[in-house]
Amino acid sequence: MRLFLGQRAWVLQRVTALVLLILLALGAATLLTGPSRSYEGWHALATSTHGAVLIVVFFAALCLHGWIGVRDIVLDYIHAPALRLPLLALIAVILFAIFIRVVLTMAAHFAGGA
Amino acid sequence: MRVSIYRFNPETDAKPRMQDYDVAPEAGDKKLLDVLMRLKTMDDSLSFRRSCREGVCGSDAMNINGRNGLACLTSLPGLKEPVVLRPLPGFPVIRDLIVDMTQFFAHYHSIKPYLINNEVPPERERLQSPAEREKLNGLYECILCACCSAFCPSFWWNPDKFIGPAGLLQAYRFIADSRDTATAARLAYLDDVYRLYRCRTIMNCTEVCPKGLSPSHAIERIRLALVRESS
Amino acid sequence: MRARSASAPKFMNLSQIRFPVGAIASIGHRVSGVLLLVSLPLLALALDRSLRSESEFEALRDLVSEPWRALLLVILVWAAAHHVLAGVRHLLMDIGVGSRLSQARTSAWAAILAAGIIALAAAVRWLS
């Protein structure tokens, strides 16, 4: 039954939106101005501890936010359970895989750049 | 004046069609409903609901030039011609402009649209301060015409599960009532991906409400009440 | 009655409905969200390549030299701009800021126009 409570998803959508907004503003400020316009600058920023953590948090929020949004779209337009459930599962798997891919990317470069 | 009307007779028509009428409004005709009444005398097969003809009963809701409204409150001057009249979008059509409101009212009844208070009643009425009464303004005036719910995309996609703006405005009318003691149960009932959270704040409901009410504002308050309830 | 309703027609032709500006901003929010989600794998890929080597990093910066890629990027810039602006509008309206109809209409127009202008600026910069 808890699966159908609506509030958690609604709150999470807003919390992830706020996280994304803050990180986007932060990212825009550093990427567009600072030394990270060059490869060395960007590499140093992204492989530093707080840079890597923020990038992972950004993608985590992005995947969660996207999941809630696409789930709403499926709930609105796709009603046949035989289509809806596999579709939701597929999207969840893809989003999770993207997130894992980002974590692996960051881990690889973090180890190399340390 | 040219009026183009959605016609469907379940006994003879396989599918709906549009029929054009030319009608000359007379001096006393002020509202679209006056023209419809005139058309009814020309063609008595034309079917639509109407009763009070002054925006209180809520029975002549229809889609007028692509927007939902009450025929009796729609002034003739300023109406773009041809005036295209269709039944409320998304509702099953019974005949011409008459739609089946069964589901709409089932949602209304599901939110328990009556005061719940099991405390011993006082000698006289349950009192309310002017400030508490003030909170019901903009809520109690709803006439259940369904203009809002029938203009809400979320309601179009899930009319069987989403309560819709009209039902949610009514739900908040009792949540906001100081005399009602079932607030927690009412909120718990609404905390559902379908019943309340299909709303995406499109605000089509508020755009078309013929009484100038704001169901989207009521929904906003319900969601905030739920956040307070759980924190 | 109910049996008849099941087979009854419904008027549900979206092209014959006059949508208010808020509905346009809202469907734009949904469409832009889908576009951004579809491009999410590309963003993850870009992140990976940008960290691999200087030449890969520079290659990403030169993406716009190819017109069809620049066009795709302009579309994504619109999607990001519209989604963020319409999203901020919704966040504010959720807490009661600008949720009156007149204000909501103005902010819907503002979000639609600003996203269009931002996309246009990107197009002028990358496509000319």
# chains A, B, ... in the order shown; residues from 1 in each chain; ligands from 1
$ interface_residues --of "chain B" --to "chain C" --cutoff "10 Å" --atoms "only C-alpha atoms" --output "number ranges by chain"
B: 6, 8, 10, 14-16, 63-68, 84, 86-95, 97, 99-100, 102-103, 151-153, 156, 200-204, 206-208, 212, 214, 216-217, 219-221, 223-224
$ interface_residues --of "chain C" --to "chain A" --cutoff "8 Å" --atoms "only C-alpha atoms" --output "list in words"
Gly33, Val34, Leu37, Leu40, Pro41, Ala44, Leu47, Asp48, Ser50, Leu51, Ser53, Glu54, Phe57, Glu58, Val84, Gly87 and Leu91 of chain C
$ interface_residues --of "chain B" --to "chain A" --cutoff "12 Å" --atoms "only C-alpha atoms" --output "PDB file with N, CA and C atoms, in the first residue's frame"
ATOM      1  N   PRO B 153      -6.146  18.298 -17.750  1.00  0.00           N
ATOM      2  CA  PRO B 153      -5.521  17.167 -18.446  1.00  0.00           C
ATOM      3  C   PRO B 153      -5.310  15.956 -17.535  1.00  0.00           C
ATOM      4  N   SER B 154      -4.912  16.176 -16.289  1.00  0.00           N
ATOM      5  CA  SER B 154      -4.703  15.039 -15.387  1.00  0.00           C
ATOM      6  C   SER B 154      -5.993  14.248 -15.207  1.00  0.00           C
ATOM      7  N   PHE B 155      -7.128  14.955 -15.180  1.00  0.00           N
ATOM      8  CA  PHE B 155      -8.417  14.275 -15.056  1.00  0.00           C
ATOM      9  C   PHE B 155      -8.781  13.549 -16.353  1.00  0.00           C
ATOM     10  N   TRP B 156      -8.395  14.126 -17.496  1.00  0.00           N
ATOM     11  CA  TRP B 156      -8.674  13.441 -18.770  1.00  0.00           C
ATOM     12  C   TRP B 156      -7.975  12.085 -18.821  1.00  0.00           C
ATOM     13  N   TRP B 157      -6.700  12.044 -18.326  1.00  0.00           N
ATOM     14  CA  TRP B 157      -5.932  10.785 -18.455  1.00  0.00           C
ATOM     15  C   TRP B 157      -6.356   9.764 -17.400  1.00  0.00           C
ATOM     16  N   ASN B 158      -6.757  10.221 -16.226  1.00  0.00           N
ATOM     17  CA  ASN B 158      -7.116   9.276 -15.164  1.00  0.00           C
ATOM     18  C   ASN B 158      -8.445   9.640 -14.494  1.00  0.00           C
ATOM     19  N   PRO B 159      -9.538   9.699 -15.274  1.00  0.00           N
ATOM     20  CA  PRO B 159     -10.813  10.140 -14.683  1.00  0.00           C
ATOM     21  C   PRO B 159     -11.356   9.166 -13.644  1.00  0.00           C
ATOM     22  N   ASP B 160     -10.877   7.926 -13.685  1.00  0.00           N
ATOM     23  CA  ASP B 160     -11.398   6.950 -12.729  1.00  0.00           C
ATOM     24  C   ASP B 160     -10.646   6.987 -11.403  1.00  0.00           C
ATOM     25  N   LYS B 161      -9.408   7.527 -11.400  1.00  0.00           N
ATOM     26  CA  LYS B 161      -8.603   7.452 -10.173  1.00  0.00           C
ATOM     27  C   LYS B 161      -8.282   8.821  -9.563  1.00  0.00           C
ATOM     28  N   PHE B 162      -8.084   9.831 -10.406  1.00  0.00           N
ATOM     29  CA  PHE B 162      -7.784  11.182  -9.906  1.00  0.00           C
ATOM     30  C   PHE B 162      -9.098  11.836  -9.474  1.00  0.00           C
ATOM     31  N   LEU B 187      -6.989  13.813   5.138  1.00  0.00           N
ATOM     32  CA  LEU B 187      -5.668  13.950   4.518  1.00  0.00           C
ATOM     33  C   LEU B 187      -5.094  12.586   4.173  1.00  0.00           C
ATOM     34  N   ALA B 188      -5.275  11.613   5.076  1.00  0.00           N
ATOM     35  CA  ALA B 188      -4.739  10.270   4.817  1.00  0.00           C
ATOM     36  C   ALA B 188      -5.375   9.684   3.561  1.00  0.00           C
ATOM     37  N   TYR B 189      -6.674   9.944   3.381  1.00  0.00           N
ATOM     38  CA  TYR B 189      -7.358   9.425   2.198  1.00  0.00           C
ATOM     39  C   TYR B 189      -6.785  10.040   0.916  1.00  0.00           C
ATOM     40  N   LEU B 190      -6.418  11.321   0.996  1.00  0.00           N
ATOM     41  CA  LEU B 190      -5.944  12.020  -0.213  1.00  0.00           C
ATOM     42  C   LEU B 190      -4.490  11.711  -0.546  1.00  0.00           C
ATOM     43  N   ASP B 191      -3.722  11.205   0.445  1.00  0.00           N
ATOM     44  CA  ASP B 191      -2.289  10.953   0.229  1.00  0.00           C
ATOM     45  C   ASP B 191      -2.108   9.726  -0.667  1.00  0.00           C
ATOM     46  N   ASP B 192      -2.203   9.962  -1.953  1.00  0.00           N
ATOM     47  CA  ASP B 192      -2.203   8.857  -2.917  1.00  0.00           C
ATOM     48  C   ASP B 192      -1.720   9.383  -4.261  1.00  0.00           C
ATOM     49  N   VAL B 193      -0.900   8.592  -4.957  1.00  0.00           N
ATOM     50  CA  VAL B 193      -0.370   9.063  -6.249  1.00  0.00           C
ATOM     51  C   VAL B 193      -1.474   9.464  -7.206  1.00  0.00           C
ATOM     52  N   TYR B 194      -2.619   8.812  -7.118  1.00  0.00           N
ATOM     53  CA  TYR B 194      -3.700   9.117  -8.054  1.00  0.00           C
ATOM     54  C   TYR B 194      -4.657  10.173  -7.517  1.00  0.00           C
ATOM     55  N   ARG B 195      -5.216   9.928  -6.349  1.00  0.00           N
ATOM     56  CA  ARG B 195      -6.321  10.780  -5.868  1.00  0.00           C
ATOM     57  C   ARG B 195      -5.955  12.255  -5.844  1.00  0.00           C
ATOM     58  N   LEU B 196      -4.789  12.585  -5.258  1.00  0.00           N
ATOM     59  CA  LEU B 196      -4.371  13.984  -5.149  1.00  0.00           C
ATOM     60  C   LEU B 196      -3.189  14.289  -6.079  1.00  0.00           C
ATOM     61  N   TYR B 197      -2.210  13.398  -6.085  1.00  0.00           N
ATOM     62  CA  TYR B 197      -0.928  13.754  -6.690  1.00  0.00           C
ATOM     63  C   TYR B 197      -0.868  13.585  -8.206  1.00  0.00           C
ATOM     64  N   ARG B 198      -2.002  13.374  -8.893  1.00  0.00           N
ATOM     65  CA  ARG B 198      -1.975  13.496 -10.355  1.00  0.00           C
ATOM     66  C   ARG B 198      -1.919  14.965 -10.751  1.00  0.00           C
ATOM     67  N   CYS B 199      -2.280  15.848  -9.821  1.00  0.00           N
ATOM     68  CA  CYS B 199      -2.283  17.285 -10.142  1.00  0.00           C
ATOM     69  C   CYS B 199      -0.872  17.755 -10.419  1.00  0.00           C
ATOM     70  N   ARG B 200      -0.678  18.440 -11.550  1.00  0.00           N
ATOM     71  CA  ARG B 200       0.632  18.972 -11.904  1.00  0.00           C
ATOM     72  C   ARG B 200       0.604  20.502 -11.933  1.00  0.00           C
ATOM     73  N   ILE B 222      -3.833  21.667   0.383  1.00  0.00           N
ATOM     74  CA  ILE B 222      -3.910  20.267   0.825  1.00  0.00           C
ATOM     75  C   ILE B 222      -2.503  19.670   0.874  1.00  0.00           C
ATOM     76  N   ARG B 223      -1.703  19.924  -0.176  1.00  0.00           N
ATOM     77  CA  ARG B 223      -0.350  19.347  -0.217  1.00  0.00           C
ATOM     78  C   ARG B 223       0.498  19.887   0.932  1.00  0.00           C
ATOM     79  N   LEU B 224       0.365  21.196   1.218  1.00  0.00           N
ATOM     80  CA  LEU B 224       1.135  21.760   2.325  1.00  0.00           C
ATOM     81  C   LEU B 224       0.646  21.192   3.658  1.00  0.00           C
ATOM     82  N   ALA B 225      -0.670  20.988   3.784  1.00  0.00           N
ATOM     83  CA  ALA B 225      -1.203  20.397   5.020  1.00  0.00           C
ATOM     84  C   ALA B 225      -0.642  18.987   5.208  1.00  0.00           C
ATOM     85  N   LEU B 226      -0.503  18.254   4.103  1.00  0.00           N
ATOM     86  CA  LEU B 226       0.054  16.896   4.180  1.00  0.00           C
ATOM     87  C   LEU B 226       1.523  16.931   4.605  1.00  0.00           C
ATOM     88  N   VAL B 227       2.259  17.929   4.098  1.00  0.00           N
ATOM     89  CA  VAL B 227       3.667  18.052   4.496  1.00  0.00           C
ATOM     90  C   VAL B 227       3.759  18.332   5.999  1.00  0.00           C
ATOM     91  N   ARG B 228       2.911  19.248   6.479  1.00  0.00           N
ATOM     92  CA  ARG B 228       2.908  19.565   7.920  1.00  0.00           C
ATOM     93  C   ARG B 228       2.506  18.350   8.741  1.00  0.00           C
ATOM     94  N   GLU B 229       1.530  17.614   8.234  1.00  0.00           N
ATOM     95  CA  GLU B 229       1.016  16.438   8.939  1.00  0.00           C
ATOM     96  C   GLU B 229       2.114  15.394   9.162  1.00  0.00           C
ATOM     97  N   SER B 230       3.008  15.251   8.154  1.00  0.00           N
ATOM     98  CA  SER B 230       3.980  14.161   8.228  1.00  0.00           C
ATOM     99  C   SER B 230       5.298  14.597   8.862  1.00  0.00           C
ATOM    100  N   SER B 231       5.468  15.898   9.098  1.00  0.00           N
ATOM    101  CA  SER B 231       6.752  16.332   9.654  1.00  0.00           C
ATOM    102  C   SER B 231       6.658  16.580  11.153  1.00  0.00           C
TER     103      SER B 231
END
$ atom_distance --atom1 "CA of Ala52 in chain A" --atom2 "CA of Ala86 in chain C"
28.6 Å
$ atom_distance --atom1 "CA of Ala150 in chain B" --atom2 "CA of Met101 in chain B"
10.3 Å
$ residues_around --residues "range 144-146 of chain B" --least-positions-apart "6" --cutoff "9 Å" --atoms "only C-alpha atoms" --output "number ranges by chain"
B: 57-61, 68-70, 88, 101, 104-105, 108, 165-167, 209-210
$ write_last_selection --atoms "N, CA, C and O atoms" --output "PDB file, in the first residue's frame"
ATOM      1  N   CYS B  57     -27.061  26.814 -10.512  1.00  0.00           N
ATOM      2  CA  CYS B  57     -27.308  25.371 -10.494  1.00  0.00           C
ATOM      3  C   CYS B  57     -26.156  24.595 -11.123  1.00  0.00           C
ATOM      4  O   CYS B  57     -25.928  23.440 -10.790  1.00  0.00           O
ATOM      5  N   GLY B  58     -25.430  25.228 -12.029  1.00  0.00           N
ATOM      6  CA  GLY B  58     -24.260  24.562 -12.606  1.00  0.00           C
ATOM      7  C   GLY B  58     -24.583  23.488 -13.615  1.00  0.00           C
ATOM      8  O   GLY B  58     -23.764  22.615 -13.869  1.00  0.00           O
ATOM      9  N   SER B  59     -25.770  23.533 -14.224  1.00  0.00           N
ATOM     10  CA  SER B  59     -26.095  22.425 -15.126  1.00  0.00           C
ATOM     11  C   SER B  59     -25.768  22.697 -16.596  1.00  0.00           C
ATOM     12  O   SER B  59     -25.686  21.759 -17.368  1.00  0.00           O
ATOM     13  N   ASP B  60     -25.548  23.957 -16.993  1.00  0.00           N
ATOM     14  CA  ASP B  60     -25.293  24.199 -18.419  1.00  0.00           C
ATOM     15  C   ASP B  60     -23.811  24.404 -18.733  1.00  0.00           C
ATOM     16  O   ASP B  60     -23.443  25.201 -19.593  1.00  0.00           O
ATOM     17  N   ALA B  61     -22.966  23.619 -18.056  1.00  0.00           N
ATOM     18  CA  ALA B  61     -21.536  23.656 -18.364  1.00  0.00           C
ATOM     19  C   ALA B  61     -21.291  22.976 -19.702  1.00  0.00           C
ATOM     20  O   ALA B  61     -21.869  21.927 -19.982  1.00  0.00           O
ATOM     21  N   ASN B  68     -14.107  25.605 -21.346  1.00  0.00           N
ATOM     22  CA  ASN B  68     -15.302  25.247 -20.595  1.00  0.00           C
ATOM     23  C   ASN B  68     -15.894  26.469 -19.909  1.00  0.00           C
ATOM     24  O   ASN B  68     -15.165  27.331 -19.421  1.00  0.00           O
ATOM     25  N   GLY B  69     -17.220  26.506 -19.866  1.00  0.00           N
ATOM     26  CA  GLY B  69     -17.895  27.602 -19.187  1.00  0.00           C
ATOM     27  C   GLY B  69     -19.371  27.308 -19.072  1.00  0.00           C
ATOM     28  O   GLY B  69     -19.864  26.297 -19.588  1.00  0.00           O
ATOM     29  N   LEU B  70     -20.074  28.202 -18.376  1.00  0.00           N
ATOM     30  CA  LEU B  70     -21.528  28.066 -18.267  1.00  0.00           C
ATOM     31  C   LEU B  70     -22.173  28.925 -19.354  1.00  0.00           C
ATOM     32  O   LEU B  70     -21.841  30.109 -19.482  1.00  0.00           O
ATOM     33  N   LEU B  88     -18.678  18.815 -22.397  1.00  0.00           N
ATOM     34  CA  LEU B  88     -17.484  18.883 -21.562  1.00  0.00           C
ATOM     35  C   LEU B  88     -16.472  17.830 -22.013  1.00  0.00           C
ATOM     36  O   LEU B  88     -16.829  16.658 -22.163  1.00  0.00           O
ATOM     37  N   MET B 101     -22.349  12.454 -15.706  1.00  0.00           N
ATOM     38  CA  MET B 101     -21.564  12.985 -14.588  1.00  0.00           C
ATOM     39  C   MET B 101     -21.382  11.942 -13.475  1.00  0.00           C
ATOM     40  O   MET B 101     -20.933  12.288 -12.381  1.00  0.00           O
ATOM     41  N   PHE B 104     -17.905  11.767 -12.000  1.00  0.00           N
ATOM     42  CA  PHE B 104     -17.597  13.048 -11.358  1.00  0.00           C
ATOM     43  C   PHE B 104     -18.210  13.098  -9.957  1.00  0.00           C
ATOM     44  O   PHE B 104     -17.547  13.461  -8.978  1.00  0.00           O
ATOM     45  N   PHE B 105     -19.468  12.700  -9.848  1.00  0.00           N
ATOM     46  CA  PHE B 105     -20.123  12.751  -8.534  1.00  0.00           C
ATOM     47  C   PHE B 105     -19.642  11.631  -7.612  1.00  0.00           C
ATOM     48  O   PHE B 105     -19.650  11.790  -6.388  1.00  0.00           O
ATOM     49  N   TYR B 108     -16.795  13.086  -5.976  1.00  0.00           N
ATOM     50  CA  TYR B 108     -17.274  14.071  -4.999  1.00  0.00           C
ATOM     51  C   TYR B 108     -17.710  13.357  -3.716  1.00  0.00           C
ATOM     52  O   TYR B 108     -17.323  13.734  -2.614  1.00  0.00           O
ATOM     53  N   PRO B 165     -10.049  18.504  -9.793  1.00  0.00           N
ATOM     54  CA  PRO B 165     -10.067  19.775  -9.068  1.00  0.00           C
ATOM     55  C   PRO B 165     -11.354  20.037  -8.292  1.00  0.00           C
ATOM     56  O   PRO B 165     -11.293  20.544  -7.160  1.00  0.00           O
ATOM     57  N   ALA B 166     -12.506  19.688  -8.852  1.00  0.00           N
ATOM     58  CA  ALA B 166     -13.756  19.984  -8.146  1.00  0.00           C
ATOM     59  C   ALA B 166     -13.828  19.197  -6.836  1.00  0.00           C
ATOM     60  O   ALA B 166     -14.112  19.766  -5.769  1.00  0.00           O
ATOM     61  N   GLY B 167     -13.561  17.912  -6.901  1.00  0.00           N
ATOM     62  CA  GLY B 167     -13.605  17.070  -5.707  1.00  0.00           C
ATOM     63  C   GLY B 167     -12.570  17.500  -4.675  1.00  0.00           C
ATOM     64  O   GLY B 167     -12.828  17.476  -3.464  1.00  0.00           O
ATOM     65  N   CYS B 209     -12.965  28.315 -14.024  1.00  0.00           N
ATOM     66  CA  CYS B 209     -14.035  28.276 -13.019  1.00  0.00           C
ATOM     67  C   CYS B 209     -14.994  29.450 -13.204  1.00  0.00           C
ATOM     68  O   CYS B 209     -14.593  30.610 -13.103  1.00  0.00           O
ATOM     69  N   PRO B 210     -16.282  29.181 -13.505  1.00  0.00           N
ATOM     70  CA  PRO B 210     -17.221  30.280 -13.753  1.00  0.00           C
ATOM     71  C   PRO B 210     -17.555  31.069 -12.483  1.00  0.00           C
ATOM     72  O   PRO B 210     -18.108  32.161 -12.565  1.00  0.00           O
TER      73      PRO B 210
END
$ residues_around --residues "range 27-29 of chain B" --least-positions-apart "3" --cutoff "12 Å" --atoms "only C-alpha atoms" --output "list in words"
Val23, Ala24, Leu32, Leu33, Asp34, Val35, Leu36, Met37, Arg38, Cys72, Thr74, Ser75, Leu76 and Pro77 of chain B
$ closest_residue --among "B:Asp13, B:Ser149, B:Leu115, B:Leu127" --to "Leu168 in chain B" --atoms "only C-alpha atoms"
B:Ser149
$ residues_around --residues "Leu139 in chain B" --least-positions-apart "2" --cutoff "7 Å" --atoms "only C-alpha atoms" --output "PyMOL selection string"
chain B and resi 136-137+141-142+169-170+173
$ atom_distance --atom1 "CA of Pro130 in chain B" --atom2 "CA of Gly98 in chain C"
26.5 Å
